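Below is one structure, written out as structure tokens; comments come after it.
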Amino acid sequence: MLANTVDALVCGAALLIGYVGFNALRLFVTPRSFHLSEPSVFFSLLAAAVLFVVYTAGAWAITGRTYGCHVMGLRVVGPDGGRVHLLVATIRAVLCVLIPIGLCLCVGRKRRSLADFALRTSVIYDWSPRRTPGLAVLDEPDGDGATDATGQVWGHRGALDT
């Protein structure tokens with residue numbers, strides 16, 4: 001719930017910035033006849049829902065986490081524990097917007113929401129950022145491992161040695 005609250009605040013801030021930017025553009029183009037636009041409630045809710053779906057689906061498909069998930073140490077994963085495909089992430093986001101109470105009804109040992117049951121996804125605790133394979137550092141010739149830019153020592157297979 002806290003992660004979704006953070007994500008709602010992020011989307012609200014983006015909508016506010018868009019509204020201010022749109023009105024600033026109108027002021028620049030027609031300064032004499034300018035007045036603040038007053039979007040309808042339906043348009044505002046539709047814009048918020050579309051933005052939330054695009055934001056969450058994109059974040060879940062690319063990194064597995066939104067900003068709210070990052071703050072709370074959560075990651076959305078597919079049935080194999082890997083990234084969620086864009087289509088699945090989009091359907092999950094639409095379900096979360098259309099049936100928000102489904103996020104509160106987490107049931108079972110794994111505490112999966114209704115959308116997770118329908119799409120075979122899971123939300124896991126994952127506090128560490130994932131490294132992409134392109135950033136792994138190769139071993140030094142003497143076989144002692146290598147150090148990346150942060151000073152962390154990497155072993156023979158690219159895994160972080162602790």
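Here's how to read the names in the structure tokens: chain A, B, ... by the order shown, residue numbers from 1 in each chain, ligand numbers from 1 in the order shown.
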
To test your reading of the structure, identify every residue in stretch 10-152 of chain A that backbone DSSP assigns to strand (DSSP E), and report it as number ranges by chain. A: 74-77, 122-125, 146-147

Find the spatial neighbours of A:Gly73, counting only C-alpha atoms, within a cut-off of 7 Å - ignore same-chain residues fewer than 2 positions away - and output them as a list of chain:residue names.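 Those residues are A:Cys69, A:His70, A:Val71, A:Arg75, A:Tyr125, A:Asp126, A:Trp127.
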
Have a look at atom CA of A:Phe52 and atom CA of A:Ile17 and let me know their distance in Å, one decimal.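 Answer for the atom CA of A:Phe52 to atom CA of A:Ile17 separation: 14.8 Å.
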
Smallest atom-to-atom distance to A:Ala3: which of A:Leu103, A:Ile91, A:Met72, A:Ala118, using only C-alpha atoms?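 For A:Ala3, the nearest of the candidates is A:Met72.
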
What separation in Å, quoted to one decimal, exists between atom CA of A:Phe117 and atom CA of A:Ala93?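 Here the two named atoms are 13.6 Å from each other.
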
Residue nearest A:Ala48 - candidates A:Thr30, A:Gly68, A:Tyr19, A:Gly102, atoms counted: only C-alpha atoms: A:Tyr19
